[in-house]
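Structure data follow from run.cif (mmCIF, C-alpha atoms):
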```
data_upload
loop_
_atom_site.label_atom_id
_atom_site.label_comp_id
_atom_site.auth_asym_id
_atom_site.auth_seq_id
_atom_site.Cartn_x
_atom_site.Cartn_y
_atom_site.Cartn_z
CA MET A 1 7.97 25.26 -12.55
CA ALA A 2 10.74 23.82 -14.71
CA GLU A 3 12.05 21.44 -12.06
CA ASN A 4 8.51 19.99 -11.63
CA SER A 5 7.91 19.39 -15.29
CA SER A 6 8.16 15.61 -14.92
CA CYS A 7 5.12 15.68 -12.63
CA SER A 8 3.04 18.27 -14.43
CA SER A 9 3.42 16.85 -17.91
CA ALA A 10 1.13 13.89 -18.56
CA SER A 11 3.34 12.71 -21.41
CA SER A 12 6.46 12.43 -19.23
CA CYS A 13 4.88 11.31 -15.93
CA SER A 14 5.22 7.66 -14.93
CA LYS A 15 4.00 5.69 -11.94
CA GLU A 16 7.53 5.55 -10.58
CA SER A 17 8.62 9.12 -11.27
CA CYS A 18 6.74 11.09 -8.59
CA GLU A 19 7.39 10.25 -4.95
CA GLY A 20 4.19 11.92 -3.74
CA CYS A 21 1.94 10.57 -6.49
CA ALA A 22 -0.96 8.40 -5.33
CA SER A 23 -0.01 5.75 -7.91
CA ASN A 24 3.54 5.42 -6.57
CA GLN A 25 3.65 1.90 -5.09
CA ASN A 26 5.91 2.73 -2.13
CA ASN A 27 3.82 5.77 -1.25
CA LYS A 28 0.58 3.76 -1.50
CA GLN A 29 1.86 1.07 0.86
CA SER A 30 2.91 3.67 3.43
CA MET A 31 -0.60 5.18 3.36
CA GLN A 32 -2.43 1.91 4.09
CA GLU A 33 -4.36 1.80 7.35
CA ALA A 34 -3.67 -0.96 9.85
CA MET A 35 -6.31 -3.65 10.16
CA ASN A 36 -8.20 -3.87 13.43
CA ALA A 37 -6.20 -6.03 15.84
CA TYR A 38 -9.16 -8.38 16.31
CA SER A 39 -9.77 -8.90 12.61
CA ASP A 40 -8.33 -11.28 10.04
CA ILE A 41 -9.49 -10.32 6.55
CA LYS A 42 -8.08 -12.40 3.71
CA HIS A 43 -9.45 -10.61 0.62
CA VAL A 44 -10.78 -7.08 0.09
CA ILE A 45 -12.94 -6.58 -3.01
CA GLY A 46 -14.07 -3.13 -4.13
CA VAL A 47 -17.34 -2.72 -6.03
CA VAL A 48 -17.35 0.46 -8.11
CA SER A 49 -19.27 2.23 -10.85
CA GLY A 50 -18.64 5.27 -12.99
CA LYS A 51 -22.04 6.78 -12.18
CA GLY A 52 -25.00 6.28 -9.89
CA GLY A 53 -28.19 4.37 -10.57
CA VAL A 54 -26.67 1.21 -12.03
CA GLY A 55 -27.39 -1.06 -9.05
CA LYS A 56 -23.93 -1.17 -7.51
CA SER A 57 -25.20 -1.92 -4.00
CA PHE A 58 -27.44 -4.64 -5.44
CA VAL A 59 -24.41 -6.28 -7.06
CA THR A 60 -22.34 -5.88 -3.87
CA SER A 61 -25.03 -7.56 -1.80
CA SER A 62 -25.58 -10.27 -4.39
CA LEU A 63 -21.87 -11.13 -4.48
CA ALA A 64 -21.77 -11.24 -0.68
CA VAL A 65 -24.81 -13.54 -0.51
CA GLN A 66 -23.50 -15.90 -3.19
CA MET A 67 -20.09 -16.18 -1.50
CA ALA A 68 -21.72 -16.77 1.90
CA LYS A 69 -23.89 -19.52 0.43
CA ALA A 70 -20.72 -21.04 -1.05
CA GLY A 71 -19.43 -21.46 2.50
CA TYR A 72 -17.18 -18.41 2.92
CA LYS A 73 -17.13 -15.90 5.77
CA VAL A 74 -18.24 -12.60 4.30
CA GLY A 75 -18.49 -8.96 5.29
CA ILE A 76 -19.71 -5.74 3.65
CA LEU A 77 -18.14 -2.36 4.36
CA ASP A 78 -20.68 0.20 3.19
CA ALA A 79 -18.43 3.05 2.04
CA ASP A 80 -21.30 4.97 0.46
CA ILE A 81 -21.49 7.29 3.45
CA THR A 82 -24.00 9.79 2.09
CA GLY A 83 -26.24 7.22 0.39
CA PRO A 84 -26.12 3.99 2.39
CA SER A 85 -28.54 1.28 1.27
CA ILE A 86 -26.91 -1.99 2.35
CA PRO A 87 -28.48 -2.23 5.86
CA LYS A 88 -32.08 -1.93 4.64
CA MET A 89 -31.54 -4.67 2.07
CA PHE A 90 -30.63 -7.09 4.86
CA GLY A 91 -33.13 -5.86 7.42
CA ALA A 92 -30.42 -4.28 9.58
CA HIS A 93 -31.82 -1.56 11.83
CA GLY A 94 -30.77 0.01 15.10
CA GLN A 95 -27.33 0.94 16.35
CA ILE A 96 -24.33 -1.34 16.61
CA VAL A 97 -22.35 -1.62 19.85
CA GLY A 98 -18.68 -1.34 20.69
CA ASP A 99 -16.11 -1.73 23.44
CA GLU A 100 -12.40 -1.23 23.92
CA LYS A 101 -11.72 -3.59 21.00
CA GLY A 102 -13.78 -1.55 18.53
CA MET A 103 -17.18 -1.57 16.81
CA TYR A 104 -19.02 -4.83 16.25
CA PRO A 105 -20.69 -5.16 12.84
CA PHE A 106 -24.31 -6.16 12.41
CA GLU A 107 -24.62 -9.84 11.54
CA THR A 108 -27.36 -10.75 9.09
CA GLU A 109 -29.15 -13.98 8.36
CA GLY A 110 -26.50 -16.13 6.76
CA GLU A 111 -23.84 -14.56 9.02
CA ILE A 112 -22.88 -11.71 6.68
CA LYS A 113 -21.29 -8.92 8.73
CA ILE A 114 -22.17 -5.32 7.85
CA ILE A 115 -20.82 -1.94 8.89
CA SER A 116 -22.58 1.20 7.63
CA ILE A 117 -23.09 4.78 8.73
CA ASN A 118 -26.81 4.01 9.10
CA LEU A 119 -25.95 1.61 11.92
CA LEU A 120 -24.23 4.39 13.87
CA MET A 121 -26.94 7.05 13.70
CA ASP A 122 -29.88 7.74 16.02
CA ASP A 123 -32.11 8.32 12.98
CA GLU A 124 -31.28 6.23 9.94
CA GLU A 125 -33.23 8.63 7.72
CA ALA A 126 -31.21 11.68 8.79
CA PRO A 127 -28.99 13.01 5.98
CA VAL A 128 -25.22 12.81 6.31
CA VAL A 129 -24.04 16.30 5.36
CA TRP A 130 -20.27 15.94 5.58
CA ARG A 131 -17.36 17.20 3.52
CA GLY A 132 -15.00 14.87 1.67
CA PRO A 133 -12.21 14.59 4.28
CA VAL A 134 -14.69 13.67 7.04
CA ILE A 135 -16.30 11.04 4.81
CA ALA A 136 -12.88 9.61 3.97
CA GLY A 137 -12.05 9.46 7.67
CA ALA A 138 -15.24 7.50 8.37
CA VAL A 139 -14.27 4.91 5.75
CA LYS A 140 -10.88 4.45 7.41
CA GLN A 141 -12.57 4.02 10.79
CA PHE A 142 -14.86 1.35 9.34
CA TRP A 143 -11.69 -0.54 8.40
CA ASN A 144 -9.48 -0.13 11.46
CA GLU A 145 -12.05 0.24 14.25
CA THR A 146 -14.43 -2.58 13.30
CA VAL A 147 -13.99 -5.97 14.96
CA TRP A 148 -14.53 -8.03 11.85
CA GLY A 149 -13.17 -11.30 13.22
CA ASP A 150 -12.33 -13.90 10.56
CA ILE A 151 -13.44 -12.79 7.10
CA ASP A 152 -12.65 -14.53 3.81
CA TYR A 153 -14.08 -11.79 1.58
CA LEU A 154 -14.80 -8.20 2.58
CA PHE A 155 -16.81 -6.37 -0.09
CA VAL A 156 -16.48 -2.58 -0.10
CA ASP A 157 -19.54 -0.88 -1.58
CA MET A 158 -18.28 2.47 -2.88
CA PRO A 159 -20.16 5.57 -3.99
CA PRO A 160 -20.24 6.21 -7.74
CA GLY A 161 -17.51 8.10 -9.53
CA THR A 162 -13.81 8.56 -8.94
CA GLY A 163 -13.79 10.96 -5.98
CA ASP A 164 -12.61 10.98 -2.37
CA VAL A 165 -13.97 7.64 -1.20
CA PRO A 166 -12.64 5.41 -4.01
CA LEU A 167 -9.28 7.16 -3.72
CA THR A 168 -9.28 6.62 0.06
CA VAL A 169 -10.19 2.94 -0.30
CA PHE A 170 -7.56 2.31 -2.97
CA GLN A 171 -4.87 4.02 -0.92
CA SER A 172 -5.83 2.95 2.61
CA LEU A 173 -7.09 -0.63 2.24
CA PRO A 174 -5.26 -3.67 0.81
CA VAL A 175 -7.66 -4.06 -2.12
CA ASP A 176 -7.16 -7.33 -4.02
CA GLY A 177 -9.26 -6.22 -6.97
CA ILE A 178 -12.42 -4.44 -8.04
CA VAL A 179 -15.65 -5.40 -9.76
CA VAL A 180 -17.05 -2.68 -12.02
CA VAL A 181 -20.84 -2.40 -12.33
CA THR A 182 -22.48 -0.96 -15.42
CA SER A 183 -25.74 -0.94 -17.37
CA PRO A 184 -26.44 -1.26 -21.11
CA GLN A 185 -26.68 2.46 -21.97
CA GLU A 186 -23.78 3.56 -24.17
CA LEU A 187 -23.23 6.72 -22.09
CA VAL A 188 -22.65 4.55 -19.02
CA GLN A 189 -20.07 2.50 -20.91
CA MET A 190 -18.06 5.65 -21.54
CA ILE A 191 -18.19 6.63 -17.87
CA VAL A 192 -17.26 3.11 -16.74
CA ARG A 193 -13.95 3.44 -18.56
CA LYS A 194 -13.08 6.16 -16.05
CA ALA A 195 -13.36 3.58 -13.26
CA PHE A 196 -11.09 1.23 -15.20
CA ASN A 197 -8.56 3.97 -15.79
CA MET A 198 -8.56 5.01 -12.12
CA ALA A 199 -7.96 1.43 -11.02
CA ASN A 200 -5.08 1.12 -13.46
CA MET A 201 -3.56 4.37 -12.20
CA MET A 202 -3.67 3.00 -8.66
CA ASP A 203 -2.35 -0.45 -9.64
CA ILE A 204 -5.57 -2.13 -8.53
CA PRO A 205 -6.52 -5.24 -10.54
CA VAL A 206 -9.88 -5.19 -12.32
CA LEU A 207 -11.43 -8.61 -11.73
CA GLY A 208 -14.21 -8.03 -14.22
CA VAL A 209 -17.39 -6.17 -15.02
CA VAL A 210 -21.03 -6.92 -14.21
CA GLU A 211 -23.85 -5.55 -16.36
CA ASN A 212 -27.03 -4.84 -14.43
CA PHE A 213 -30.48 -4.27 -16.02
CA SER A 214 -29.21 -6.25 -19.00
CA TYR A 215 -32.67 -7.39 -20.07
CA LEU A 216 -36.20 -8.14 -18.93
CA LYS A 217 -37.49 -11.66 -19.41
CA CYS A 218 -41.10 -11.77 -20.52
CA PRO A 219 -43.09 -13.79 -17.95
CA ASP A 220 -45.34 -15.20 -20.69
CA CYS A 221 -43.05 -16.21 -23.55
CA GLY A 222 -39.58 -16.01 -21.98
CA LYS A 223 -38.27 -13.56 -24.58
CA GLU A 224 -35.41 -11.34 -23.39
CA ILE A 225 -36.33 -7.69 -23.93
CA GLU A 226 -33.50 -5.13 -23.95
CA LEU A 227 -35.26 -2.26 -22.19
CA PHE A 228 -32.18 -0.03 -22.08
CA GLY A 229 -30.87 -0.75 -25.55
CA GLU A 230 -28.31 -3.10 -26.96
CA SER A 231 -25.60 -4.29 -24.60
CA HIS A 232 -22.01 -3.16 -25.24
CA ILE A 233 -20.45 -4.89 -22.28
CA ASP A 234 -18.59 -7.53 -24.28
CA GLU A 235 -16.98 -4.80 -26.40
CA VAL A 236 -15.92 -2.81 -23.36
CA ALA A 237 -14.51 -5.91 -21.67
CA ALA A 238 -12.52 -6.77 -24.79
CA GLU A 239 -11.18 -3.21 -25.09
CA THR A 240 -10.08 -3.11 -21.45
CA GLY A 241 -8.76 -6.66 -21.35
CA THR A 242 -11.07 -7.84 -18.59
CA LYS A 243 -13.90 -10.36 -18.13
CA VAL A 244 -17.66 -10.15 -18.14
CA LEU A 245 -18.63 -11.62 -14.77
CA GLY A 246 -22.36 -11.56 -15.29
CA LYS A 247 -25.35 -10.04 -17.07
CA LEU A 248 -28.20 -9.50 -14.61
CA PRO A 249 -31.83 -9.24 -15.71
CA LEU A 250 -34.30 -6.67 -14.47
CA ASN A 251 -36.43 -8.63 -12.01
CA PRO A 252 -39.13 -6.99 -9.83
CA GLU A 253 -38.79 -9.82 -7.30
CA TYR A 254 -35.24 -8.67 -6.49
CA ALA A 255 -36.52 -5.21 -5.55
CA LYS A 256 -39.23 -6.74 -3.35
CA MET A 257 -36.64 -8.78 -1.44
CA ALA A 258 -34.44 -5.73 -0.94
CA ASP A 259 -37.34 -3.57 0.27
CA ALA A 260 -38.43 -6.31 2.66
CA GLY A 261 -34.93 -6.69 4.12
CA LYS A 262 -34.76 -10.33 3.02
CA PHE A 263 -31.92 -10.10 0.55
CA PHE A 264 -30.19 -13.21 1.86
CA GLU A 265 -33.03 -15.29 0.42
CA LEU A 266 -32.06 -14.18 -3.09
CA GLU A 267 -30.71 -16.78 -5.50
CA ASN A 268 -28.62 -15.15 -8.21
CA PRO A 269 -27.13 -17.75 -10.59
CA TYR A 270 -26.23 -14.95 -13.02
CA LEU A 271 -23.15 -14.26 -10.88
CA ASP A 272 -21.76 -17.81 -10.91
CA LYS A 273 -18.81 -16.72 -13.04
CA ALA A 274 -18.01 -13.92 -10.60
CA VAL A 275 -18.06 -16.41 -7.73
CA GLU A 276 -15.57 -18.64 -9.50
CA VAL A 277 -13.23 -15.70 -10.17
CA LEU A 278 -13.36 -14.70 -6.50
CA LYS A 279 -12.66 -18.26 -5.36
CA GLN A 280 -9.46 -18.27 -7.40
CA LEU A 281 -7.94 -15.28 -5.58
#
```
Rendering of file as structure tokens:
Amino acid sequence: MAENSSCSSASSCSKESCEGCASNQNNKQSMQEAMNAYSDIKHVIGVVSGKGGVGKSFVTSSLAVQMAKAGYKVGILDADITGPSIPKMFGAHGQIVGDEKGMYPFETEGEIKIISINLLMDDEEAPVVWRGPVIAGAVKQFWNETVWGDIDYLFVDMPPGTGDVPLTVFQSLPVDGIVVVTSPQELVQMIVRKAFNMANMMDIPVLGVVENFSYLKCPDCGKEIELFGESHIDEVAAETGTKVLGKLPLNPEYAKMADAGKFFELENPYLDKAVEVLKQL
């Protein structure tokens, strides 16, 4: 064990010291999957969260819609294999087709292209009971076997936490940066720091953080009610040296649009700052 002490000791380990470490830059580049030959993707943006239930897929879809409305060609890779929700939000049902070039993503109103496990299954309500390596393999296939065509921004909607899928995406795809999604509860803030730390370990830039469920605006008087307690997002952003890209209110109309599969009709001015950050990449 003595000769491996530089790897096993957290105090002496560095990003450059271990050839096999996932955070070694040379090793990470060698692990990246080739893009589909019929695709030209300029920017890959990961959307992550430290835990479930914070509206990560809602933020992913909102960012995609806002960028599409700004005139960019946009795609969504739904990497949440066991809990896909992106297709329903855009009214995408049925199976996608493919040929010798690869799989063709579903194209929504507004020309947003989507690939998701739900679009490959006979029954979209059937559970996906797969182990981690199989799930990771599916994510790679979504990248290198999908005929994306020309895409300015590909948003990757990842499952919560810091497990197999985020690791696979960070290692296998040329991620330009991530957006971290959180909610006002203090417990969530603690867990979100894990997502920041994982991104830093993998040398992935953190573009900023979005707080969902930030408040509820009273329909009568317009007062902003903090249903989930006082927000700590500005403190967390300051501590981690990143930006707050938006604070999204709790709005029942958003849920109605998602359930009806009409998410492209959503106007979300609360993400204007996020749009500007993405434009500058």
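Nearest residue to Lys73 of chain A among A:Lys101, A:Asp150, A:Ile135, A:Trp143 is A:Asp150, counting all atoms listed in the file.
Among the candidate residues A:Gly132, A:Gly161, A:Pro174, A:Gly102, the one lying nearest to Tyr38 of chain A is A:Gly102, with distances computed using all atoms listed in the file.
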For Val147 of chain A, the nearest of the candidates A:Thr242, A:Gln32, A:Ser39, A:Thr162, counting only C-alpha atoms: A:Ser39
- prompt: What does the PyMOL selection byres ((chain A and resi 142) around 12) select in this file, as a PyMOL selection string?
  reply: chain A and resi 33-36+39+75-81+102-105+114-117+119-120+135-141+143-148+154+156+169+172-173
task: Evaluate the PyMOL selection byres ((chain A and resi 53-61) around 8) and record the selected residues as an MDAnalysis selection string, following the chain and residue labels used in the document.
output: chainID A and resid 47:49 51:52 62:65 76 85:86 155:157 181:183 210 212:213 263
task: Give me, please, the distance in Å between atom CA of Thr240 of chain A and atom CA of Gly208 of chain A, quoted to one decimal.
output: 9.7 Å
- request: Give me the result of the PyMOL selection byres ((chain A and resi 273) around 12) on this file, residue by residue, as a count of residues only.
  value: 25
- request: Find the distance between atom CA of Lys223 of chain A and atom CA of Pro184 of chain A and write it in Å to one decimal.
  value: 17.4 Å
